[in-house]
$ cat structure-v2.cif   # mmCIF, C-alpha atoms
data_structure
loop_
_atom_site.label_atom_id
_atom_site.label_comp_id
_atom_site.auth_asym_id
_atom_site.auth_seq_id
_atom_site.Cartn_x
_atom_site.Cartn_y
_atom_site.Cartn_z
CA MET A 186 -21.76 -10.39 -18.74
CA SER A 187 -24.67 -10.36 -21.14
CA ASP A 188 -23.92 -9.44 -24.73
CA SER A 189 -25.91 -8.02 -27.64
CA HIS A 190 -24.99 -9.08 -31.14
CA ALA A 191 -24.98 -7.07 -34.35
CA GLY A 192 -23.68 -7.54 -37.84
CA GLY A 193 -24.60 -11.24 -38.01
CA SER A 194 -25.75 -13.92 -35.62
CA PRO A 195 -23.05 -16.03 -33.90
CA SER A 196 -25.07 -19.11 -34.86
CA ASN A 197 -23.76 -18.63 -38.41
CA HIS A 198 -20.18 -18.46 -37.19
CA SER A 199 -17.74 -21.01 -35.89
CA LEU A 200 -16.43 -18.56 -33.29
CA ALA A 201 -18.10 -16.61 -30.50
CA PHE A 202 -16.87 -14.14 -27.87
CA ARG A 203 -17.53 -14.47 -24.16
CA VAL A 204 -16.69 -11.60 -21.82
CA MET A 205 -16.28 -11.57 -18.04
CA ARG A 206 -15.47 -8.46 -16.08
CA LEU A 207 -12.40 -8.84 -13.87
CA CYS A 208 -12.93 -7.18 -10.52
CA ARG A 209 -12.35 -7.97 -6.88
CA PRO A 210 -14.53 -10.67 -5.29
CA SER A 211 -17.10 -9.87 -2.65
CA PHE A 212 -18.01 -11.45 0.66
CA GLN A 213 -20.70 -14.11 0.44
CA ALA A 214 -23.47 -13.53 2.97
CA GLU A 215 -25.60 -16.44 4.12
CA ASP A 216 -29.28 -15.64 3.68
CA SER A 217 -30.62 -19.06 4.68
CA VAL A 218 -31.56 -20.42 8.09
CA LEU A 219 -29.32 -23.49 7.80
CA ARG A 220 -25.79 -22.17 7.82
CA PHE A 221 -22.76 -23.71 6.13
CA ASP A 222 -20.67 -26.29 7.95
CA PRO A 223 -17.02 -26.97 7.00
CA PHE A 224 -17.71 -30.71 6.87
CA ASP A 225 -20.04 -30.07 3.91
CA LEU A 226 -16.91 -29.66 1.77
CA LEU A 227 -15.88 -33.26 2.52
CA ALA A 228 -19.14 -35.15 2.16
CA GLY A 229 -22.76 -34.70 1.22
CA GLU A 230 -25.72 -34.88 3.56
CA ASP A 231 -26.52 -38.44 2.42
CA LEU A 232 -23.20 -39.75 3.74
CA PHE A 233 -24.75 -40.74 7.04
CA ASN A 234 -27.64 -42.55 5.37
CA ASN A 235 -25.20 -44.92 3.69
CA SER A 236 -25.14 -48.24 5.49
CA GLY A 237 -21.69 -48.96 4.10
CA VAL A 238 -20.13 -46.15 6.16
CA SER A 239 -19.29 -47.21 9.69
CA SER A 240 -19.92 -45.05 12.71
CA THR A 241 -16.21 -45.18 13.52
CA ILE A 242 -15.37 -43.29 10.33
CA ILE A 243 -18.02 -40.70 11.14
CA ASP A 244 -16.70 -40.24 14.69
CA GLN A 245 -13.14 -39.80 13.41
CA ALA A 246 -14.23 -37.29 10.75
CA VAL A 247 -16.29 -35.22 13.16
CA GLY A 248 -14.12 -35.59 16.23
CA GLY A 249 -11.21 -33.58 14.79
CA GLN A 250 -13.45 -30.56 14.08
CA THR A 251 -15.38 -28.07 16.15
CA SER A 252 -18.50 -28.48 14.04
CA PHE A 253 -21.72 -27.20 15.53
CA THR A 254 -23.70 -29.86 13.64
CA ALA A 255 -22.33 -32.87 15.52
CA GLY A 256 -23.87 -34.17 18.67
CA GLU A 257 -21.99 -34.56 21.89
CA GLY A 258 -20.94 -38.11 21.15
CA GLY A 259 -20.83 -37.83 17.40
CA ASP A 260 -23.78 -40.25 16.95
CA ASP A 261 -26.36 -37.52 16.29
CA PHE A 262 -25.04 -35.72 13.18
CA SER A 263 -28.13 -33.80 12.08
CA PHE A 264 -29.14 -30.32 10.88
CA ARG A 265 -31.14 -29.42 13.96
CA GLY A 266 -28.47 -27.12 15.44
CA ARG A 267 -27.62 -25.18 12.32
CA PHE A 268 -30.01 -22.32 13.05
CA GLN A 269 -28.35 -21.64 16.43
CA LEU A 270 -25.67 -18.99 16.92
CA GLN A 271 -22.64 -20.80 18.30
CA ASN A 272 -20.28 -17.79 18.11
CA PRO A 273 -20.87 -14.00 18.19
CA SER A 274 -19.46 -13.77 14.65
CA ASP A 275 -22.28 -15.97 13.35
CA ALA A 276 -24.67 -13.02 13.69
CA ILE A 277 -23.12 -11.17 10.73
CA ALA A 278 -23.82 -14.17 8.44
CA LEU A 279 -20.36 -14.06 6.81
CA PRO A 280 -18.76 -17.51 6.69
CA GLY A 281 -15.49 -16.06 5.36
CA PHE A 282 -15.90 -17.11 1.73
CA LEU A 283 -15.32 -14.79 -1.22
CA ILE A 284 -17.52 -14.99 -4.29
CA LEU A 285 -16.62 -13.97 -7.83
CA PRO A 286 -18.89 -11.40 -9.52
CA GLN A 287 -22.02 -13.06 -10.89
CA SER A 288 -23.06 -10.05 -12.99
CA PHE A 289 -21.36 -7.23 -14.79
CA GLY A 290 -22.04 -4.81 -11.94
CA ALA A 291 -21.70 -1.05 -11.89
CA ILE A 292 -18.77 0.78 -13.47
CA TYR A 293 -17.85 4.20 -12.17
CA LEU A 294 -15.90 7.09 -13.56
CA GLY A 295 -12.24 7.00 -12.51
CA GLU A 296 -12.03 3.22 -12.23
CA THR A 297 -10.06 0.85 -14.45
CA PHE A 298 -12.29 -1.36 -16.58
CA CYS A 299 -10.62 -4.77 -16.83
CA SER A 300 -12.21 -7.58 -18.83
CA TYR A 301 -11.35 -11.23 -19.51
CA ILE A 302 -12.34 -12.11 -23.09
CA SER A 303 -12.49 -15.60 -24.52
CA ILE A 304 -13.13 -16.45 -28.16
CA ASN A 305 -14.15 -20.11 -28.49
CA ASN A 306 -14.70 -22.41 -31.42
CA SER A 307 -17.96 -24.32 -30.99
CA SER A 308 -17.98 -25.86 -34.49
CA ARG A 309 -16.57 -29.17 -35.72
CA PHE A 310 -14.00 -27.43 -37.89
CA GLU A 311 -10.77 -25.59 -37.24
CA ALA A 312 -10.68 -21.78 -37.58
CA ARG A 313 -7.45 -20.43 -39.06
CA ASP A 314 -5.69 -17.05 -39.38
CA VAL A 315 -7.86 -15.40 -36.73
CA VAL A 316 -7.41 -11.62 -36.51
CA ILE A 317 -8.87 -10.29 -33.26
CA LYS A 318 -9.61 -6.66 -32.38
CA ALA A 319 -11.14 -5.10 -29.28
CA GLU A 320 -12.04 -1.47 -28.74
CA ILE A 321 -14.15 0.79 -26.52
CA GLN A 322 -16.64 3.12 -28.19
CA THR A 323 -18.02 6.13 -26.34
CA GLU A 324 -20.14 9.05 -27.43
CA ARG A 325 -16.97 11.04 -28.18
CA GLN A 326 -14.25 8.66 -29.26
CA ARG A 327 -13.07 5.13 -30.03
CA ILE A 328 -10.19 3.62 -28.05
CA LEU A 329 -8.35 0.62 -29.47
CA LEU A 330 -7.55 -1.94 -26.76
CA LEU A 331 -6.21 -4.87 -28.81
CA ASP A 332 -5.19 -5.27 -32.45
CA MET A 333 -3.77 -8.59 -33.71
CA SER A 334 -3.66 -7.66 -37.40
CA LYS A 335 0.11 -8.10 -37.56
CA SER A 336 0.19 -11.30 -35.47
CA PRO A 337 -3.02 -13.29 -36.02
CA VAL A 338 -3.82 -16.48 -34.16
CA GLU A 339 -2.69 -19.33 -36.41
CA SER A 340 -5.60 -21.64 -35.57
CA ILE A 341 -8.29 -22.35 -32.99
CA ARG A 342 -9.19 -26.04 -33.01
CA SER A 343 -12.69 -27.39 -32.64
CA GLY A 344 -13.72 -26.99 -29.01
CA GLY A 345 -10.70 -24.79 -28.32
CA ARG A 346 -10.46 -21.15 -27.35
CA TYR A 347 -8.14 -18.15 -27.22
CA ASP A 348 -8.18 -15.91 -24.13
CA PHE A 349 -6.89 -12.41 -23.50
CA ILE A 350 -7.34 -9.50 -21.06
CA VAL A 351 -7.98 -5.84 -21.90
CA GLU A 352 -7.90 -2.78 -19.64
CA HIS A 353 -9.22 0.75 -20.02
CA ASP A 354 -9.15 3.76 -17.68
CA VAL A 355 -12.71 5.07 -17.60
CA LYS A 356 -12.67 8.83 -18.18
CA GLU A 357 -16.14 9.50 -19.62
CA LEU A 358 -19.67 9.20 -18.30
CA GLY A 359 -22.57 7.62 -20.16
CA SER A 360 -22.95 4.68 -22.54
CA HIS A 361 -19.91 2.62 -23.49
CA THR A 362 -19.66 -0.30 -25.92
CA LEU A 363 -16.96 -2.95 -25.89
CA VAL A 364 -16.63 -4.06 -29.53
CA CYS A 365 -14.95 -7.42 -30.17
CA THR A 366 -14.35 -8.47 -33.79
CA ALA A 367 -12.77 -11.52 -35.39
CA LEU A 368 -11.75 -12.08 -39.03
CA TYR A 369 -11.03 -15.76 -39.76
CA ASN A 370 -11.16 -18.65 -42.25
CA ASP A 371 -13.77 -21.27 -41.44
CA GLY A 372 -13.73 -24.97 -42.32
CA ASP A 373 -14.75 -24.30 -45.93
CA GLY A 374 -11.95 -21.79 -46.40
CA GLU A 375 -14.41 -18.87 -46.46
CA ARG A 376 -13.21 -15.61 -44.91
CA LYS A 377 -15.75 -14.48 -42.30
CA TYR A 378 -16.14 -11.41 -40.12
CA LEU A 379 -17.65 -11.68 -36.63
CA PRO A 380 -18.55 -8.54 -34.63
CA GLN A 381 -20.02 -8.67 -31.13
CA PHE A 382 -21.03 -5.75 -28.93
CA PHE A 383 -21.11 -5.59 -25.13
CA LYS A 384 -22.76 -2.47 -23.73
CA PHE A 385 -22.42 -0.92 -20.28
CA VAL A 386 -23.07 2.45 -18.64
CA VAL A 387 -20.53 4.46 -16.63
CA ALA A 388 -21.92 6.34 -13.63
CA ASN A 389 -20.49 9.06 -11.42
CA PRO A 390 -19.14 7.63 -8.13
CA LEU A 391 -19.16 10.91 -6.26
CA SER A 392 -20.07 14.57 -6.54
CA VAL A 393 -17.88 17.50 -5.58
CA ARG A 394 -19.44 20.81 -4.55
CA THR A 395 -17.16 23.77 -3.89
CA LYS A 396 -17.52 27.16 -2.26
CA VAL A 397 -14.96 29.96 -2.47
CA ARG A 398 -14.75 32.78 0.06
CA THR A 399 -12.21 35.61 0.15
CA VAL A 400 -11.23 37.13 3.48
CA LYS A 401 -8.69 39.94 3.16
CA GLU A 402 -5.55 38.42 1.60
CA SER A 403 -6.64 34.78 2.02
CA THR A 404 -9.01 32.71 -0.07
CA PHE A 405 -10.81 29.74 1.50
CA LEU A 406 -12.01 26.79 -0.58
CA GLU A 407 -14.55 24.36 0.87
CA ALA A 408 -14.99 21.06 -1.01
CA CYS A 409 -17.93 18.80 -0.15
CA ILE A 410 -17.54 15.22 -1.42
CA GLU A 411 -20.59 12.93 -1.51
CA ASN A 412 -20.48 9.17 -2.16
CA HIS A 413 -23.06 7.98 -4.74
CA THR A 414 -21.96 4.34 -4.90
CA LYS A 415 -23.37 1.33 -3.05
CA SER A 416 -20.07 0.61 -1.30
CA ASN A 417 -17.93 2.53 1.14
CA LEU A 418 -15.15 4.67 -0.30
CA TYR A 419 -11.83 5.01 1.50
CA MET A 420 -10.25 8.30 0.42
CA ASP A 421 -6.50 7.91 0.04
CA GLN A 422 -5.91 11.43 -1.23
CA VAL A 423 -7.92 14.60 -1.63
CA GLU A 424 -5.40 17.27 -2.56
CA PHE A 425 -5.81 20.68 -4.11
CA GLU A 426 -3.27 21.52 -6.80
CA PRO A 427 -3.12 25.32 -7.16
CA VAL A 428 -2.10 27.10 -10.32
CA GLN A 429 1.05 29.15 -10.56
CA ASN A 430 1.38 32.05 -8.09
CA TRP A 431 -0.96 30.34 -5.61
CA SER A 432 -0.16 28.20 -2.57
CA ALA A 433 -2.59 25.89 -0.77
CA SER A 434 -2.73 24.27 2.67
CA ILE A 435 -5.44 22.05 4.12
CA LEU A 436 -7.06 23.12 7.39
CA LYS A 437 -7.87 20.39 9.93
CA ALA A 438 -9.30 20.31 13.40
CA ASP A 439 -6.81 20.10 16.28
CA ASP A 440 -6.89 16.49 17.42
CA ASN A 441 -4.50 17.11 20.36
CA ILE A 442 -2.35 14.11 19.47
CA SER A 443 1.15 13.57 20.83
CA ASN A 444 4.27 14.25 18.80
CA SER A 445 5.04 10.55 18.37
CA ASN A 446 1.54 9.85 17.11
CA ALA A 447 1.72 12.87 14.83
CA GLN A 448 4.94 11.58 13.24
CA ALA A 449 3.44 8.12 12.81
CA SER A 450 0.31 9.56 11.20
CA GLU A 451 2.45 11.40 8.66
CA ILE A 452 4.14 8.13 7.66
CA PHE A 453 1.08 5.88 7.83
CA LYS A 454 -1.86 7.93 6.66
CA LEU A 455 -5.14 6.22 7.39
CA PRO A 456 -7.73 6.56 4.62
CA LEU A 457 -10.85 8.57 5.35
CA LEU A 458 -14.12 6.64 5.16
CA ILE A 459 -17.07 8.10 3.23
CA ARG A 460 -20.01 5.77 3.68
CA ALA A 461 -22.08 4.31 0.89
CA GLY A 462 -25.33 5.79 -0.34
CA GLY A 463 -24.83 9.50 0.30
CA GLY A 464 -22.00 9.77 2.83
CA ILE A 465 -20.49 13.27 2.94
CA PHE A 466 -17.19 14.76 4.07
CA ASN A 467 -16.01 18.37 3.84
CA TYR A 468 -12.47 19.57 3.18
CA LEU A 469 -11.25 23.12 3.80
CA TYR A 470 -8.22 24.68 2.10
CA GLN A 471 -6.57 28.04 2.63
CA LEU A 472 -5.18 29.61 -0.53
CA LYS A 473 -2.75 32.50 -0.68
CA GLN A 474 -1.58 34.35 -3.74
CA SER A 475 2.12 35.08 -4.02
CA SER A 476 3.26 38.57 -4.89
CA GLN A 477 3.10 39.25 -8.61
CA GLU A 478 6.40 39.80 -10.33
CA SER A 479 7.06 43.08 -12.05
CA GLY A 480 6.39 42.97 -15.75
CA GLN A 481 3.67 40.33 -15.40
CA VAL A 482 0.87 40.79 -17.89
CA LYS A 483 -2.53 41.04 -16.28
CA VAL A 484 -5.36 38.73 -17.28
CA GLY A 485 -8.75 40.23 -16.63
CA GLY A 486 -11.98 38.40 -15.83
CA SER A 487 -11.48 34.86 -14.62
CA ASN A 488 -9.63 33.84 -11.48
CA ILE A 489 -8.54 30.21 -11.90
CA LEU A 490 -7.45 28.66 -8.59
CA GLY A 491 -6.57 25.04 -9.46
CA LYS A 492 -7.89 21.46 -9.43
CA LEU A 493 -8.73 18.76 -6.90
CA GLN A 494 -6.98 15.40 -7.20
CA ILE A 495 -9.06 12.61 -5.61
CA THR A 496 -8.03 8.96 -5.19
CA TRP A 497 -9.91 6.27 -3.31
CA ARG A 498 -10.33 2.54 -2.77
CA THR A 499 -13.40 0.38 -2.26
CA ASN A 500 -13.97 -2.23 0.47
CA LEU A 501 -11.68 -4.77 -1.16
CA GLY A 502 -9.08 -2.33 -2.42
CA GLU A 503 -10.18 -1.52 -5.98
CA PRO A 504 -8.64 1.87 -6.83
CA GLY A 505 -10.28 4.91 -8.38
CA ARG A 506 -9.05 8.34 -9.37
CA LEU A 507 -10.75 11.57 -10.41
CA GLN A 508 -9.59 15.08 -11.26
CA THR A 509 -12.02 17.97 -11.12
CA GLN A 510 -12.25 20.75 -13.63
CA GLN A 511 -10.56 24.07 -12.93
CA ILE A 512 -12.09 25.70 -9.87
CA ILE A 513 -12.86 29.37 -10.42
CA GLY A 514 -12.60 31.88 -7.61
CA THR A 515 -14.18 35.28 -7.24
CA PRO A 516 -13.85 37.15 -10.57
CA LEU A 517 -10.93 39.52 -10.53
CA ILE A 518 -11.63 43.17 -11.11
CA GLN A 519 -8.49 44.42 -12.77
CA LYS A 520 -7.77 48.01 -11.92
CA ASP A 521 -5.47 50.26 -13.89
CA ILE A 522 -4.34 51.91 -10.66
CA ASP A 523 -4.65 49.70 -7.57
CA LEU A 524 -4.45 50.93 -3.97
CA LYS A 525 -4.07 48.44 -1.10
CA VAL A 526 -3.51 48.58 2.65
CA VAL A 527 -0.18 47.05 3.67
CA ALA A 528 -0.28 47.47 7.46
CA VAL A 529 -2.44 48.97 10.18
CA PRO A 530 -0.99 49.30 13.70
CA SER A 531 -2.56 47.70 16.74
CA PRO A 532 -3.67 48.89 19.20
CA ILE A 533 -5.07 52.24 18.02
CA ILE A 534 -5.60 54.69 20.86
CA LEU A 535 -8.28 57.35 20.87
CA GLU A 536 -7.08 60.79 19.65
CA ARG A 537 -3.51 59.56 19.16
CA PRO A 538 -1.98 59.71 15.64
CA PHE A 539 -1.13 56.40 13.91
CA LEU A 540 0.43 55.51 10.57
CA VAL A 541 -1.36 53.45 7.90
CA SER A 542 0.97 51.90 5.29
CA LEU A 543 -0.43 51.84 1.76
CA LYS A 544 0.78 50.49 -1.61
CA LEU A 545 -0.05 52.07 -4.97
CA SER A 546 0.46 49.91 -8.07
CA ASN A 547 0.41 50.87 -11.74
CA GLN A 548 -1.09 47.99 -13.81
CA LEU A 549 -0.84 49.91 -17.08
CA ASP A 550 1.75 49.33 -19.78
CA ARG A 551 2.76 52.99 -19.65
CA THR A 552 3.78 55.60 -17.10
CA ALA A 553 0.96 57.07 -15.02
CA GLY A 554 0.77 59.99 -12.59
CA PRO A 555 1.65 62.11 -10.71
CA PHE A 556 -1.04 61.36 -8.09
CA GLU A 557 -2.72 63.03 -5.16
CA VAL A 558 -4.06 61.03 -2.20
CA THR A 559 -6.92 62.53 -0.20
CA ILE A 560 -9.92 61.49 1.93
CA SER A 561 -13.26 62.30 0.33
CA GLN A 562 -16.41 62.91 2.31
CA GLY A 563 -18.49 60.70 0.03
CA SER A 564 -22.29 60.71 0.06
CA SER A 565 -22.55 60.70 3.86
CA SER A 566 -23.30 64.00 5.60
CA LEU A 567 -21.86 62.75 8.93
CA PRO A 568 -18.37 63.92 9.93
CA LYS A 569 -15.46 61.49 9.52
CA VAL A 570 -14.57 59.50 12.64
CA VAL A 571 -11.13 58.52 11.24
CA MET A 572 -9.34 61.31 9.36
CA ILE A 573 -5.92 62.46 8.16
CA ASP A 574 -3.87 64.17 10.86
CA GLY A 575 -1.88 67.06 9.41
CA ILE A 576 -1.50 67.78 5.70
CA GLN A 577 -4.70 66.66 4.01
CA LYS A 578 -3.14 65.86 0.63
CA VAL A 579 -0.21 63.55 -0.19
CA VAL A 580 1.51 64.00 -3.58
CA LEU A 581 3.13 60.94 -5.23
CA GLN A 582 5.56 60.91 -8.15
CA PRO A 583 4.70 59.26 -11.50
CA LEU A 584 4.88 55.44 -11.64
CA GLU A 585 6.52 53.44 -14.40
CA ALA A 586 4.59 50.66 -16.15
CA TYR A 587 3.87 47.69 -13.85
CA SER A 588 5.64 49.32 -10.91
CA SER A 589 4.51 50.23 -7.42
CA THR A 590 5.35 52.46 -4.49
CA GLU A 591 4.60 52.39 -0.76
CA PHE A 592 3.72 55.39 1.37
CA SER A 593 2.11 56.19 4.73
CA LEU A 594 -0.80 58.33 5.90
CA ASN A 595 -0.78 59.90 9.35
CA MET A 596 -4.31 59.40 10.72
CA ILE A 597 -6.24 59.92 13.94
CA ALA A 598 -9.50 58.47 15.36
CA ILE A 599 -11.94 60.51 17.47
CA ARG A 600 -14.34 57.76 18.60
CA VAL A 601 -13.80 54.46 20.43
CA GLY A 602 -15.01 51.06 19.24
CA VAL A 603 -15.05 49.46 15.81
CA GLN A 604 -14.59 52.18 13.20
CA LYS A 605 -13.87 52.34 9.47
CA ILE A 606 -11.15 54.01 7.46
CA SER A 607 -13.03 55.08 4.36
CA GLY A 608 -12.89 57.49 1.45
CA ILE A 609 -9.14 57.32 0.62
CA THR A 610 -9.08 58.41 -3.02
CA ILE A 611 -6.43 58.55 -5.76
CA TYR A 612 -6.45 61.45 -8.25
CA ASP A 613 -4.34 61.46 -11.43
CA THR A 614 -3.40 65.12 -11.92
CA ARG A 615 -2.15 64.66 -15.50
CA GLU A 616 -5.29 62.95 -16.79
CA SER A 617 -7.62 64.69 -14.32
CA ARG A 618 -9.08 61.32 -13.39
CA ILE A 619 -10.37 60.11 -10.03
CA TYR A 620 -9.99 56.37 -9.40
CA ASP A 621 -12.22 54.21 -7.21
CA PRO A 622 -11.64 54.82 -3.50
CA LEU A 623 -9.96 52.27 -1.25
CA PRO A 624 -12.45 49.72 0.19
CA ASP A 625 -13.35 50.41 3.81
CA VAL A 626 -10.92 49.05 6.40
CA GLU A 627 -12.24 48.21 9.88
CA ILE A 628 -10.15 49.12 12.93
CA PHE A 629 -10.69 48.97 16.68
CA VAL A 630 -10.11 52.16 18.64
CA ASP A 631 -9.35 51.79 22.33
CA SER A 632 -9.64 54.50 24.95
CA GLU A 633 -6.25 53.72 26.53
#
$ encode --input "structure-v2.cif" --output "structure tokens"
Amino acid sequence: MSDSHAGGSPSNHSLAFRVMRLCRPSFQAEDSVLRFDPFDLLAGEDLFNNSGVSSTIIDQAVGGQTSFTAGEGGDDFSFRGRFQLQNPSDAIALPGFLILPQSFGAIYLGETFCSYISINNSSRFEARDVVIKAEIQTERQRILLLDMSKSPVESIRSGGRYDFIVEHDVKELGSHTLVCTALYNDGDGERKYLPQFFKFVVANPLSVRTKVRTVKESTFLEACIENHTKSNLYMDQVEFEPVQNWSASILKADDNISNSNAQASEIFKLPLLIRAGGGIFNYLYQLKQSSQESGQVKVGGSNILGKLQITWRTNLGEPGRLQTQQIIGTPLIQKDIDLKVVAVPSPIILERPFLVSLKLSNQLDRTAGPFEVTISQGSSSLPKVVMIDGIQKVVLQPLEAYSSTEFSLNMIAIRVGVQKISGITIYDTRESRIYDPLPDVEIFVDSE
């Protein structure tokens, strides 16, 4: 990891910090024509040019291996066959070796930043009473990772070092600075202060786009997750955590799997792969709101649904975790007096009366009513296709604060096909106020 210094050059100090990021190794790919041979670990290529090495030793060394570099009799041990594919696995150019990170690499939001820090003494003198501190500085805050003020290192000899590991859960985007400081006594007994700064940038590993749709009593949330990293992400968990009074269930396609496989899949959940460089996967959740308790205070305006909890792992198992902000649904329009449809019978037969169950709720903190329920003609000059059968006005008694009542309307349809129940209106006789009519309700009218 490259470092930038401030507050004094390390050349004037006996001590200096070196930082290496601790992360999982990666597979080493062979990008040369001459591929690696296992025998290269035992001897160099000039072994066979040494006249002091007998051919018997070479035959014994090569004979116990399945090396593709040896000739049929072991006498011709050259590089001429190294460009040939001896096995189908050779085509992927992965010899099976893992390589430690050679650079600092990319750090993403939701990961755990883990760093191996070494402070070494490159002078000829001993450094004593070394107080070491390490912290992360972001644009918003400073997080202390290590503080040895109460237990300083007694001494670091010439050529010696002191090593430690720090960890930090990355929760902010943008520029970060790892600040390592040391306060120590040098060989002359002078108290010196050494600061060193190691800068890195935190990027966003994925983006989450959401859409909210409301269909009758159900709300559907679609979450689109896109991978912005250069490695595949294996999603361990993508769960929606609803707020109080909401319940959520994920909707999946029917895979037609057997019961035994279904039980096994519940125990051993396979992670979902989202490919590197723009891979996308969509999740769909169905949300339902539980019935509000009486006496609950209404909150107008916003309609907070909940958050998404996302956990994943990379190719070699490095974990990551993100939590989205609160997802807002369709803004709630709080009504003082709310009228809803509870039930509509099916089927509805032409010119036969049917009952529509309705619920009237008082959202005020005081008693309201009495009320009259009628069907208004509205702005349309066309006659109503679905109308009240019988008494055209229903009178309801006053409602206490935050209470409700259910009632039924006897209705009849005079035309087949898809029709609408519209114009049901509530009138407060005490306040002489007409409330907004009930939204149109579609029904299907059959001839028989």
$ resolve_selection --input "structure-v2.cif" --expression "the PyMOL selection byres ((chain A and resi 363-367) around 9)" --output "PyMOL selection string"
chain A and resi 200-202+302+304+315-322+361-362+368-369+377-385
$ atom_distance --input "structure-v2.cif" --atom1 "CA of Ile599 in chain A" --atom2 "CA of Ala528 in chain A"
20.2 Å
$ atom_distance --input "structure-v2.cif" --atom1 "CA of Ala312 in chain A" --atom2 "CA of Asp348 in chain A"
14.9 Å
$ resolve_selection --input "structure-v2.cif" --expression "the PyMOL selection byres ((chain A and resi 532-542) around 7)" --output "list in words"
Val526, Val527, Ala528, Val529, Pro530, Ser531, Leu543, Asp574, Phe592, Ser593, Leu594, Asn595, Met596, Ile597, Ala598, Ile599, Arg600, Val601, Phe629, Val630, Asp631, Ser632 and Glu633 of chain A
$ atom_distance --input "structure-v2.cif" --atom1 "CA of Leu330 in chain A" --atom2 "CA of Leu391 in chain A"
26.8 Å
$ closest_residue --input "structure-v2.cif" --among "A:Leu331, A:Val603, A:Ile576, A:Ile512" --to "Asn488 in chain A" --atoms "all atoms listed in the file"
A:Ile512
$ resolve_selection --input "structure-v2.cif" --expression "the PyMOL selection byres ((chain A and resi 551-555) around 8)" --output "MDAnalysis selection string"
chainID A and resid 547 549:550 556:557 580:587 613:616
$ closest_residue --input "structure-v2.cif" --among "A:Val558, A:Ile435, A:Ile341, A:Ala291" --to "Leu545 in chain A" --atoms "all atoms listed in the file"
A:Val558
$ closest_residue --input "structure-v2.cif" --among "A:Lys473, A:Gln429, A:Leu458, A:Glu339" --to "Thr404 in chain A" --atoms "all atoms listed in the file"
A:Lys473
$ residues_around --input "structure-v2.cif" --residues "Leu490 in chain A" --least-positions-apart "2" --cutoff "9 Å" --atoms "only C-alpha atoms" --output "PyMOL selection string"
chain A and resi 426-429+431+472+488+492+511-514
$ residues_near_point --input "structure-v2.cif" --point "(-17.3, -11.0, -16.8)" --cutoff "6 Å" --atoms "all atoms listed in the file" --output "tab-separated table (two decimals) with C-alpha atoms, in the coordinates of the input"
chain	number	residue	atom	x	y	z
A	186	MET	CA	-21.76	-10.39	-18.74
A	204	VAL	CA	-16.69	-11.60	-21.82
A	205	MET	CA	-16.28	-11.57	-18.04
A	206	ARG	CA	-15.47	-8.46	-16.08
A	289	PHE	CA	-21.36	-7.23	-14.79
$ axis_aligned_box --input "structure-v2.cif" --around "range 486-495 of chain A" --padding-each-side "4 Å" --output "AutoDock Vina command-line options"
--center_x -9.3 --center_y 25.5 --center_z -10.7 --size_x 13.4 --size_y 33.8 --size_z 18.2
$ closest_residue --input "structure-v2.cif" --among "A:Tyr419, A:Tyr612, A:Tyr347, A:Phe466" --to "Arg394 in chain A" --atoms "all atoms listed in the file"
A:Phe466
$ residues_near_point --input "structure-v2.cif" --point "(-18.9, 6.5, -26.2)" --cutoff "10 Å" --atoms "all atoms listed in the file" --output "compact mmCIF listing (two decimals) with C-alpha atoms, in the frame of the given file"
# COMPACT_ATOMS: atom_id res chain seq x y z
CA ILE A 321 -14.15 0.79 -26.52
CA GLN A 322 -16.64 3.12 -28.19
CA THR A 323 -18.02 6.13 -26.34
CA GLU A 324 -20.14 9.05 -27.43
CA ARG A 325 -16.97 11.04 -28.18
CA GLN A 326 -14.25 8.66 -29.26
CA ARG A 327 -13.07 5.13 -30.03
CA ILE A 328 -10.19 3.62 -28.05
CA GLU A 357 -16.14 9.50 -19.62
CA LEU A 358 -19.67 9.20 -18.30
CA GLY A 359 -22.57 7.62 -20.16
CA SER A 360 -22.95 4.68 -22.54
CA HIS A 361 -19.91 2.62 -23.49
CA THR A 362 -19.66 -0.30 -25.92
CA LEU A 363 -16.96 -2.95 -25.89
CA VAL A 386 -23.07 2.45 -18.64
CA VAL A 387 -20.53 4.46 -16.63
$ closest_residue --input "structure-v2.cif" --among "A:Gln471, A:Ser343, A:Ser434, A:Ser308" --to "Phe405 in chain A" --atoms "only C-alpha atoms"
A:Gln471
$ residues_around --input "structure-v2.cif" --residues "Val351 in chain A" --least-positions-apart "6" --cutoff "7 Å" --atoms "all atoms listed in the file" --output "number ranges by chain"
A: 299-301, 330
